[in-house]
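Structure, as structure tokens:
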Amino acid sequence: MAICLICTVKAQGKAKYVFYFIGDGMGVNQVNGTETYLAAVDGRIGTSPLCFAQFPFTGLVTTYSATNGVTDSAAAGTALSSGYKTKNGALGVEADLTTRVNSIAVKAKEEGKAVGIATSVSVDHATPAAFYAHVKERTMYHQIGKDLISAGFDFYAGSDFLCPKDTVQNGEPDLYTQCTNAGYTIARGYADFRKKAPKANKMLLLQTEAASQADKTCIPYAIDRKKGDMTLQDITRAAINFLSAKQTDGFFMMIEGGKIDWACHSNDVATAFKEVVDMDNAVKVAYEFYEQHPDETLIVITADHETGGLVLGTGKYELHTDLLKYQRQSSVAFSKMIARQQQKEGKNFTWEFVRKQLQDGFGFWTQIPLDDSETAELKQAYEKIL
């Protein structure tokens, strides 16, 4: 059984402005672990509360799917967006994979609200797609992209499309062209968005083309971020600015912190905690809006499931989350760097080089003592890639 945390800021009466944040893979332990880590970095035992964890209403929900005791993001996203449980892998349809169900975003559009769907991963990934797509399998990325256009929401944001060209019907325009033909202005990066937004009717905000050439699946992890990289804060601020300017009766927006899940799949807890902080920073942008419209705004923070089976503390009655501060890059970025270096150096790729990178990037041996057996285990991993 998967558990997620829900916190809300309650609007008085019917909310005019609705923010729906989803931390993909963010179970209770991811939240508690992050707060414990933040306190440890400050030199304290205890917790340093995240912004959203201090909201006045909290609840726990189960997120099993219609067919599995452990859900995936597609089935969970469909449940969170529409209230219907479905088969793992399916989006916007019931478990029969045929009967379509509409999301709260569709209903908000029908009621005259502006609608935005945003994420830190690709715009056609499972969680954002659950709010506009109707497919039997979450990997149908090109069709999901077409459903994005058909839904006609006012604002979309994420890293990019995963499958912009149809591999079956070669004569069909790619999704970028189809978006433009449907009236969407495509902005590449936050600076480009600010330039184009005033004259845009509908907006598709993607990361820069250079960033997509490096990795179109997502914007960079917070721990790996460089100057100029698009952030979830940028995306949230852009969504607020764009949707607020629409002549509509308020707005609904979904913002996904999509890479908490990815970091937990990699068992990379330092990266995961910093992704939770990154989503919380996006929540703070929404909270600033709430402070300006306190009687009309609803903010909901939830998760689709927990990822990784995160456990805080084993064996001794000790917890050393403060040691995570010495990690300076994600495990994914570290692995890519090591692979590039090994390919470049060939037989000259040495253990001394790897050891130096582990020392500088994770604090091993200098800040975090390792015994001989732990060092030997790391060296064995090095030898396996020769």
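Every chain in the structure tokens takes a letter, A first, then B, and so on in the order presented; its residues are numbered from 1, and the ligands are numbered from 1 following the presented order.
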
Select from segment 210-286 of chain A every residue with an atom at most 9 Å from any atom of segment 185-192 of chain A, then for each give the shortest pair of atoms and their distance in Å to one decimal, using only C-alpha atoms, rows by chain and rising number, as JSON lines.
```
{"residue": "A:Gly228", "atom": "CA", "partner": "A:Gly189", "partner_atom": "CA", "distance": 8.4}
{"residue": "A:Asp229", "atom": "CA", "partner": "A:Gly189", "partner_atom": "CA", "distance": 7.9}
{"residue": "A:Met230", "atom": "CA", "partner": "A:Gly189", "partner_atom": "CA", "distance": 6.1}
{"residue": "A:Thr231", "atom": "CA", "partner": "A:Tyr190", "partner_atom": "CA", "distance": 8.7}
{"residue": "A:Asp234", "atom": "CA", "partner": "A:Tyr190", "partner_atom": "CA", "distance": 6.5}
{"residue": "A:Ile235", "atom": "CA", "partner": "A:Tyr190", "partner_atom": "CA", "distance": 7.6}
{"residue": "A:Ala238", "atom": "CA", "partner": "A:Tyr190", "partner_atom": "CA", "distance": 7.6}
```

* To do: Would you please extract all strand (DSSP E) residues from segment 26-222 of chain A, as assigned by DSSP on the backbone, and give them as an NGL selection string?
  => :A and (57-62 or 114-119 or 155-157 or 184-188 or 202-206)

* To do: DSSP on the backbone, then: every residue of segment 229-376 of chain A marked alpha helix (DSSP H), written as a PyMOL selection string.
  => chain A and resi 232-244+259-265+269-292+331-345+351-362+372-376

* Choose the residue, out of A:Pro198, A:Ala66, A:Ile149, A:Glu291, that has the smallest atom-to-atom separation from Gln178 of chain A; count only C-alpha atoms. =>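 Of A:Pro198, A:Ala66, A:Ile149, A:Glu291, the one nearest Gln178 of chain A is A:Ile149, counting only C-alpha atoms.
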
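Counting only C-alpha atoms, segment 368-379 of chain A has the following residues at most 10 Å away, ignoring those fewer than 2 positions along the same chain: Leu323, Leu324, Tyr326, Trp351, Glu352, Val354, Arg355, Leu358, Gln359, Phe362, Gly363, Phe364, Trp365, Thr366, Ala381, Tyr382, Glu383 and Lys384 of chain A.
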
Atoms to include: N, CA and C atoms. Write the selected residues as a PDB file, in the first residue's frame.
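File part-v5.pdb, as written:
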```pdb
ATOM      1  N   LEU A 323      25.465  14.292   6.549  1.00  0.00           N
ATOM      2  CA  LEU A 323      26.550  13.890   5.656  1.00  0.00           C
ATOM      3  C   LEU A 323      26.175  14.039   4.183  1.00  0.00           C
ATOM      4  N   LEU A 324      24.874  14.129   3.920  1.00  0.00           N
ATOM      5  CA  LEU A 324      24.428  14.283   2.540  1.00  0.00           C
ATOM      6  C   LEU A 324      24.835  15.621   1.941  1.00  0.00           C
ATOM      7  N   TYR A 326      27.624  16.788   1.634  1.00  0.00           N
ATOM      8  CA  TYR A 326      28.883  16.690   0.904  1.00  0.00           C
ATOM      9  C   TYR A 326      28.701  16.177  -0.522  1.00  0.00           C
ATOM     10  N   TRP A 351      41.979   4.133 -11.223  1.00  0.00           N
ATOM     11  CA  TRP A 351      41.273   4.159  -9.942  1.00  0.00           C
ATOM     12  C   TRP A 351      41.557   5.462  -9.203  1.00  0.00           C
ATOM     13  N   GLU A 352      42.750   5.988  -9.341  1.00  0.00           N
ATOM     14  CA  GLU A 352      43.102   7.239  -8.663  1.00  0.00           C
ATOM     15  C   GLU A 352      42.182   8.372  -9.108  1.00  0.00           C
ATOM     16  N   VAL A 354      39.050   8.035 -10.306  1.00  0.00           N
ATOM     17  CA  VAL A 354      37.715   7.774  -9.760  1.00  0.00           C
ATOM     18  C   VAL A 354      37.669   8.097  -8.275  1.00  0.00           C
ATOM     19  N   ARG A 355      38.697   7.688  -7.559  1.00  0.00           N
ATOM     20  CA  ARG A 355      38.749   7.955  -6.120  1.00  0.00           C
ATOM     21  C   ARG A 355      38.712   9.465  -5.846  1.00  0.00           C
ATOM     22  N   LEU A 358      35.145  10.702  -6.338  1.00  0.00           N
ATOM     23  CA  LEU A 358      34.310  10.296  -5.207  1.00  0.00           C
ATOM     24  C   LEU A 358      34.603  11.155  -3.978  1.00  0.00           C
ATOM     25  N   GLN A 359      35.850  11.490  -3.811  1.00  0.00           N
ATOM     26  CA  GLN A 359      36.250  12.333  -2.681  1.00  0.00           C
ATOM     27  C   GLN A 359      35.698  13.750  -2.829  1.00  0.00           C
ATOM     28  N   PHE A 362      31.484  13.513  -3.244  1.00  0.00           N
ATOM     29  CA  PHE A 362      30.652  12.887  -2.216  1.00  0.00           C
ATOM     30  C   PHE A 362      31.250  12.998  -0.815  1.00  0.00           C
ATOM     31  N   GLY A 363      32.478  13.456  -0.713  1.00  0.00           N
ATOM     32  CA  GLY A 363      33.103  13.613   0.597  1.00  0.00           C
ATOM     33  C   GLY A 363      33.673  12.337   1.181  1.00  0.00           C
ATOM     34  N   PHE A 364      33.771  11.275   0.349  1.00  0.00           N
ATOM     35  CA  PHE A 364      34.308  10.012   0.857  1.00  0.00           C
ATOM     36  C   PHE A 364      35.773  10.174   1.277  1.00  0.00           C
ATOM     37  N   TRP A 365      36.100   9.520   2.366  1.00  0.00           N
ATOM     38  CA  TRP A 365      37.446   9.462   2.961  1.00  0.00           C
ATOM     39  C   TRP A 365      37.830  10.748   3.705  1.00  0.00           C
ATOM     40  N   THR A 366      37.444  11.910   3.181  1.00  0.00           N
ATOM     41  CA  THR A 366      37.803  13.158   3.868  1.00  0.00           C
ATOM     42  C   THR A 366      36.728  13.560   4.878  1.00  0.00           C
ATOM     43  N   ALA A 381      33.737  -1.957  -8.055  1.00  0.00           N
ATOM     44  CA  ALA A 381      32.790  -1.355  -8.998  1.00  0.00           C
ATOM     45  C   ALA A 381      33.546  -0.676 -10.134  1.00  0.00           C
ATOM     46  N   TYR A 382      34.640  -0.016  -9.787  1.00  0.00           N
ATOM     47  CA  TYR A 382      35.482   0.624 -10.800  1.00  0.00           C
ATOM     48  C   TYR A 382      36.036  -0.419 -11.775  1.00  0.00           C
ATOM     49  N   GLU A 383      36.512  -1.527 -11.240  1.00  0.00           N
ATOM     50  CA  GLU A 383      37.145  -2.566 -12.072  1.00  0.00           C
ATOM     51  C   GLU A 383      36.149  -3.205 -13.035  1.00  0.00           C
ATOM     52  N   LYS A 384      34.855  -3.200 -12.672  1.00  0.00           N
ATOM     53  CA  LYS A 384      33.852  -3.806 -13.518  1.00  0.00           C
ATOM     54  C   LYS A 384      33.576  -3.003 -14.794  1.00  0.00           C
TER      55      LYS A 384
END
```

* If you count only C-alpha atoms, which residues fall within 12 Å of Arg44 of chain A, apart from same-chain ones fewer than 2 positions away, as JSON, numbers by chain? -> {"A": [35, 36, 37, 38, 39, 40, 41, 42, 46, 47, 48, 319, 320, 321, 322]}

* To do: Mind checking which residues fall within 8 Å of Gly250 of chain A, counting only C-alpha atoms, ignoring those fewer than 3 positions away in the same chain, and posting them as a count of residues only?
  => 5

Produce a table with one row for each residue of segment 71-131 of chain A that has an atom at most 12 Å from any atom of segment 271-289 of chain A, each row naming the nearest atom pair and its distance in Å at one decimal; use only C-alpha atoms; arrange rows by chain and rising residue number; format as JSON lines.
```
{"residue": "A:Ala118", "atom": "CA", "partner": "A:Ala282", "partner_atom": "CA", "distance": 11.4}
{"residue": "A:Thr119", "atom": "CA", "partner": "A:Met279", "partner_atom": "CA", "distance": 10.2}
{"residue": "A:Ser120", "atom": "CA", "partner": "A:Met279", "partner_atom": "CA", "distance": 9.4}
```

* If you measure from atom CA of Leu80 of chain A to atom CA of Lys165 of chain A, what distance in Å do you get, rounded to one decimal? -> 29.3 Å

* Using only C-alpha atoms, determine which residues lie at most 10 Å from segment 103-106 of chain A, disregarding the query and same-chain residues fewer than 3 positions distant; provide the list as a list of chain:residue names. => A:Gly77, A:Thr78, A:Ala79, A:Leu80, A:Ser81, A:Ser82, A:Gly83, A:Tyr84, A:Gly92, A:Arg100, A:Lys109, A:Glu110, A:Glu111, A:Lys113, A:Ala114, A:Val115, A:Gly116, A:Ile117, A:Ala130, A:Phe131, A:Tyr132, A:Ala133, A:Ala151, A:Gly152, A:Phe153, A:Phe251, A:Phe252, A:Met253, A:Met254

File dump, residues just selected, N, CA and C atoms, as a CSV table (one decimal), in the first residue's frame:
```
chain,number,residue,atom,x,y,z
A,77,GLY,N,-1.9,9.0,-11.4
A,77,GLY,CA,-2.2,10.3,-11.9
A,77,GLY,C,-3.6,10.4,-12.4
A,78,THR,N,-4.1,9.3,-13.0
A,78,THR,CA,-5.5,9.3,-13.4
A,78,THR,C,-6.5,9.4,-12.2
A,79,ALA,N,-6.1,8.7,-11.2
A,79,ALA,CA,-7.0,8.8,-9.9
A,79,ALA,C,-6.9,10.2,-9.3
A,80,LEU,N,-5.7,10.8,-9.3
A,80,LEU,CA,-5.6,12.1,-8.7
A,80,LEU,C,-6.3,13.2,-9.6
A,81,SER,N,-6.3,13.0,-10.9
A,81,SER,CA,-6.9,14.0,-11.8
A,81,SER,C,-8.4,13.8,-12.0
A,82,SER,N,-8.9,12.6,-11.9
A,82,SER,CA,-10.3,12.3,-12.3
A,82,SER,C,-11.1,11.7,-11.2
A,83,GLY,N,-10.5,11.0,-10.2
A,83,GLY,CA,-11.2,10.3,-9.2
A,83,GLY,C,-11.5,8.8,-9.6
A,84,TYR,N,-11.0,8.4,-10.8
A,84,TYR,CA,-11.2,7.0,-11.2
A,84,TYR,C,-9.9,6.2,-11.1
A,92,GLY,N,-6.3,8.4,-18.3
A,92,GLY,CA,-7.5,9.0,-18.7
A,92,GLY,C,-8.6,8.1,-19.2
A,100,ARG,N,-13.5,6.6,-21.5
A,100,ARG,CA,-12.7,7.8,-21.2
A,100,ARG,C,-13.2,8.5,-20.0
A,109,LYS,N,-11.8,24.0,-17.2
A,109,LYS,CA,-11.9,24.7,-18.5
A,109,LYS,C,-13.3,24.9,-18.9
A,110,GLU,N,-14.1,23.9,-18.7
A,110,GLU,CA,-15.6,23.9,-19.0
A,110,GLU,C,-16.3,25.0,-18.2
A,111,GLU,N,-15.8,25.3,-17.0
A,111,GLU,CA,-16.4,26.3,-16.1
A,111,GLU,C,-15.8,27.7,-16.3
A,113,LYS,N,-12.5,28.6,-16.5
A,113,LYS,CA,-11.2,28.9,-15.9
A,113,LYS,C,-10.1,28.7,-16.9
A,114,ALA,N,-9.0,29.5,-16.7
A,114,ALA,CA,-7.8,29.2,-17.5
A,114,ALA,C,-7.1,28.0,-16.8
A,115,VAL,N,-6.4,27.2,-17.7
A,115,VAL,CA,-5.9,26.0,-17.2
A,115,VAL,C,-4.4,25.8,-17.6
A,116,GLY,N,-3.6,25.4,-16.6
A,116,GLY,CA,-2.2,25.2,-16.9
A,116,GLY,C,-1.7,23.8,-16.4
A,117,ILE,N,-0.9,23.1,-17.1
A,117,ILE,CA,-0.3,21.8,-16.7
A,117,ILE,C,1.2,21.9,-16.9
A,130,ALA,N,-2.0,12.6,-17.4
A,130,ALA,CA,-3.2,12.2,-16.8
A,130,ALA,C,-4.3,13.2,-16.7
A,131,PHE,N,-3.9,14.5,-16.9
A,131,PHE,CA,-4.8,15.6,-16.9
A,131,PHE,C,-5.4,15.9,-18.2
A,132,TYR,N,-4.9,15.4,-19.3
A,132,TYR,CA,-5.4,15.7,-20.6
A,132,TYR,C,-5.5,14.6,-21.6
A,133,ALA,N,-4.8,13.4,-21.4
A,133,ALA,CA,-4.7,12.4,-22.4
A,133,ALA,C,-5.6,11.2,-22.1
A,151,ALA,N,-6.7,18.9,-26.1
A,151,ALA,CA,-7.3,19.4,-24.8
A,151,ALA,C,-7.4,20.9,-24.8
A,152,GLY,N,-6.5,21.6,-25.5
A,152,GLY,CA,-6.6,23.0,-25.7
A,152,GLY,C,-6.4,23.8,-24.5
A,153,PHE,N,-5.7,23.4,-23.5
A,153,PHE,CA,-5.4,24.2,-22.3
A,153,PHE,C,-4.6,25.4,-22.6
A,251,PHE,N,-8.2,30.5,-12.3
A,251,PHE,CA,-7.4,29.4,-13.0
A,251,PHE,C,-7.3,28.2,-12.2
A,252,PHE,N,-6.9,27.1,-12.9
A,252,PHE,CA,-6.5,25.8,-12.3
A,252,PHE,C,-5.2,25.5,-12.9
A,253,MET,N,-4.2,25.1,-12.0
A,253,MET,CA,-2.9,24.7,-12.5
A,253,MET,C,-2.4,23.5,-11.7
A,254,MET,N,-1.8,22.5,-12.5
A,254,MET,CA,-1.2,21.4,-11.8
A,254,MET,C,0.3,21.6,-12.1
```

* To do: Please measure the separation of atom CA of Thr217 of chain A and atom CA of Pro173 of chain A, giving the value in Å to one decimal.
  =>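 The value is 21.1 Å.
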
* Pick from A:Glu172, A:Asp154, A:Asp96, A:Asp224, whichever lies nearest to Ile240 of chain A using only C-alpha atoms -> A:Asp154

* To do: Tell me, as a ChimeraX atom specification, which residues lie within 7 Å of Asp24 of chain A, counting only C-alpha atoms; anything in the same chain fewer than 2 positions away does not count.
  => /A:22,26,256-261,303-305

Quick one: write out the picked residues with all heavy atoms as a tab-separated table (two decimals), in the first residue's frame?
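Contents of again38.tsv, freshly written:
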```
chain	number	residue	atom	x	y	z
A	22	ILE	N	1.90	18.07	-7.29
A	22	ILE	CA	2.08	16.62	-7.12
A	22	ILE	C	3.58	16.32	-7.07
A	22	ILE	O	4.30	16.56	-8.05
A	22	ILE	CB	1.43	15.83	-8.27
A	22	ILE	CG1	-0.08	16.11	-8.31
A	22	ILE	CG2	1.69	14.33	-8.10
A	22	ILE	CD1	-0.80	15.46	-9.48
A	26	MET	N	6.86	11.06	-3.86
A	26	MET	CA	7.11	11.74	-2.58
A	26	MET	C	6.20	11.19	-1.48
A	26	MET	O	5.12	11.72	-1.21
A	26	MET	CB	6.90	13.25	-2.74
A	26	MET	CG	7.27	14.07	-1.52
A	26	MET	SD	6.90	15.84	-1.72
A	26	MET	CE	5.09	15.83	-1.63
A	256	GLU	N	3.94	19.53	-11.31
A	256	GLU	CA	4.54	18.28	-10.83
A	256	GLU	C	6.03	18.44	-10.56
A	256	GLU	O	6.78	18.90	-11.41
A	256	GLU	CB	4.35	17.17	-11.86
A	256	GLU	CG	4.94	15.84	-11.39
A	256	GLU	CD	5.24	14.85	-12.51
A	256	GLU	OE1	5.35	15.27	-13.68
A	256	GLU	OE2	5.39	13.65	-12.20
A	257	GLY	N	6.44	18.02	-9.37
A	257	GLY	CA	7.86	17.81	-9.08
A	257	GLY	C	8.18	16.39	-9.50
A	257	GLY	O	8.10	15.46	-8.69
A	258	GLY	N	8.54	16.20	-10.75
A	258	GLY	CA	8.59	14.87	-11.33
A	258	GLY	C	9.83	14.05	-11.03
A	258	GLY	O	9.83	12.83	-11.21
A	259	LYS	N	10.91	14.71	-10.56
A	259	LYS	CA	12.17	13.98	-10.43
A	259	LYS	C	12.49	13.53	-9.01
A	259	LYS	O	13.54	12.94	-8.79
A	259	LYS	CB	13.31	14.83	-11.00
A	259	LYS	CG	13.15	15.08	-12.50
A	259	LYS	CD	14.34	15.81	-13.08
A	259	LYS	CE	15.56	14.93	-13.18
A	259	LYS	NZ	16.71	15.61	-13.82
A	260	ILE	N	11.59	13.78	-8.07
A	260	ILE	CA	11.72	13.14	-6.75
A	260	ILE	C	11.69	11.63	-6.97
A	260	ILE	O	12.51	10.88	-6.44
A	260	ILE	CB	10.59	13.58	-5.81
A	260	ILE	CG1	10.59	15.09	-5.63
A	260	ILE	CG2	10.70	12.87	-4.46
A	260	ILE	CD1	9.32	15.63	-4.99
A	261	ASP	N	10.74	11.22	-7.79
A	261	ASP	CA	10.59	9.81	-8.14
A	261	ASP	C	11.84	9.25	-8.80
A	261	ASP	O	12.32	8.17	-8.46
A	261	ASP	CB	9.39	9.69	-9.09
A	261	ASP	CG	9.22	8.31	-9.68
A	261	ASP	OD1	8.71	7.43	-8.96
A	261	ASP	OD2	9.59	8.10	-10.84
A	303	ALA	N	0.95	13.54	-3.44
A	303	ALA	CA	1.90	12.67	-4.13
A	303	ALA	C	1.14	11.52	-4.75
A	303	ALA	O	0.05	11.16	-4.29
A	303	ALA	CB	2.96	12.14	-3.17
A	304	ASP	N	1.68	10.94	-5.80
A	304	ASP	CA	1.01	9.82	-6.45
A	304	ASP	C	1.35	8.49	-5.80
A	304	ASP	O	0.56	7.55	-5.83
A	304	ASP	CB	1.32	9.79	-7.95
A	304	ASP	CG	2.82	9.83	-8.25
A	304	ASP	OD1	3.63	9.91	-7.30
A	304	ASP	OD2	3.18	9.80	-9.44
A	305	HIS	N	2.53	8.40	-5.21
A	305	HIS	CA	2.98	7.18	-4.55
A	305	HIS	C	4.33	7.47	-3.92
A	305	HIS	O	4.93	8.53	-4.15
A	305	HIS	CB	3.12	6.01	-5.54
A	305	HIS	CG	3.95	6.34	-6.74
A	305	HIS	ND1	5.33	6.49	-6.68
A	305	HIS	CD2	3.61	6.57	-8.03
A	305	HIS	CE1	5.79	6.79	-7.87
A	305	HIS	NE2	4.77	6.86	-8.72
```

* To do: For atom CA of Tyr156 of chain A and atom CA of Leu175 of chain A, quote the distance in Å rounded to one decimal.
  =>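 Atom-to-atom, atom CA of Tyr156 of chain A to atom CA of Leu175 of chain A, that is 13.4 Å.
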
* Out of A:Ser122, A:Gln54, A:Asn201, A:Ser159, which residue has the shortest atom-to-atom distance to Tyr141 of chain A when counting only C-alpha atoms? -> A:Ser122

* Minimum-distance residue to Val121 of chain A, chosen among A:Thr139, A:Ser212, A:Thr86, A:Thr98 (using only C-alpha atoms) ->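 Nearest candidate to Val121 of chain A out of A:Thr139, A:Ser212, A:Thr86, A:Thr98: A:Ser212.
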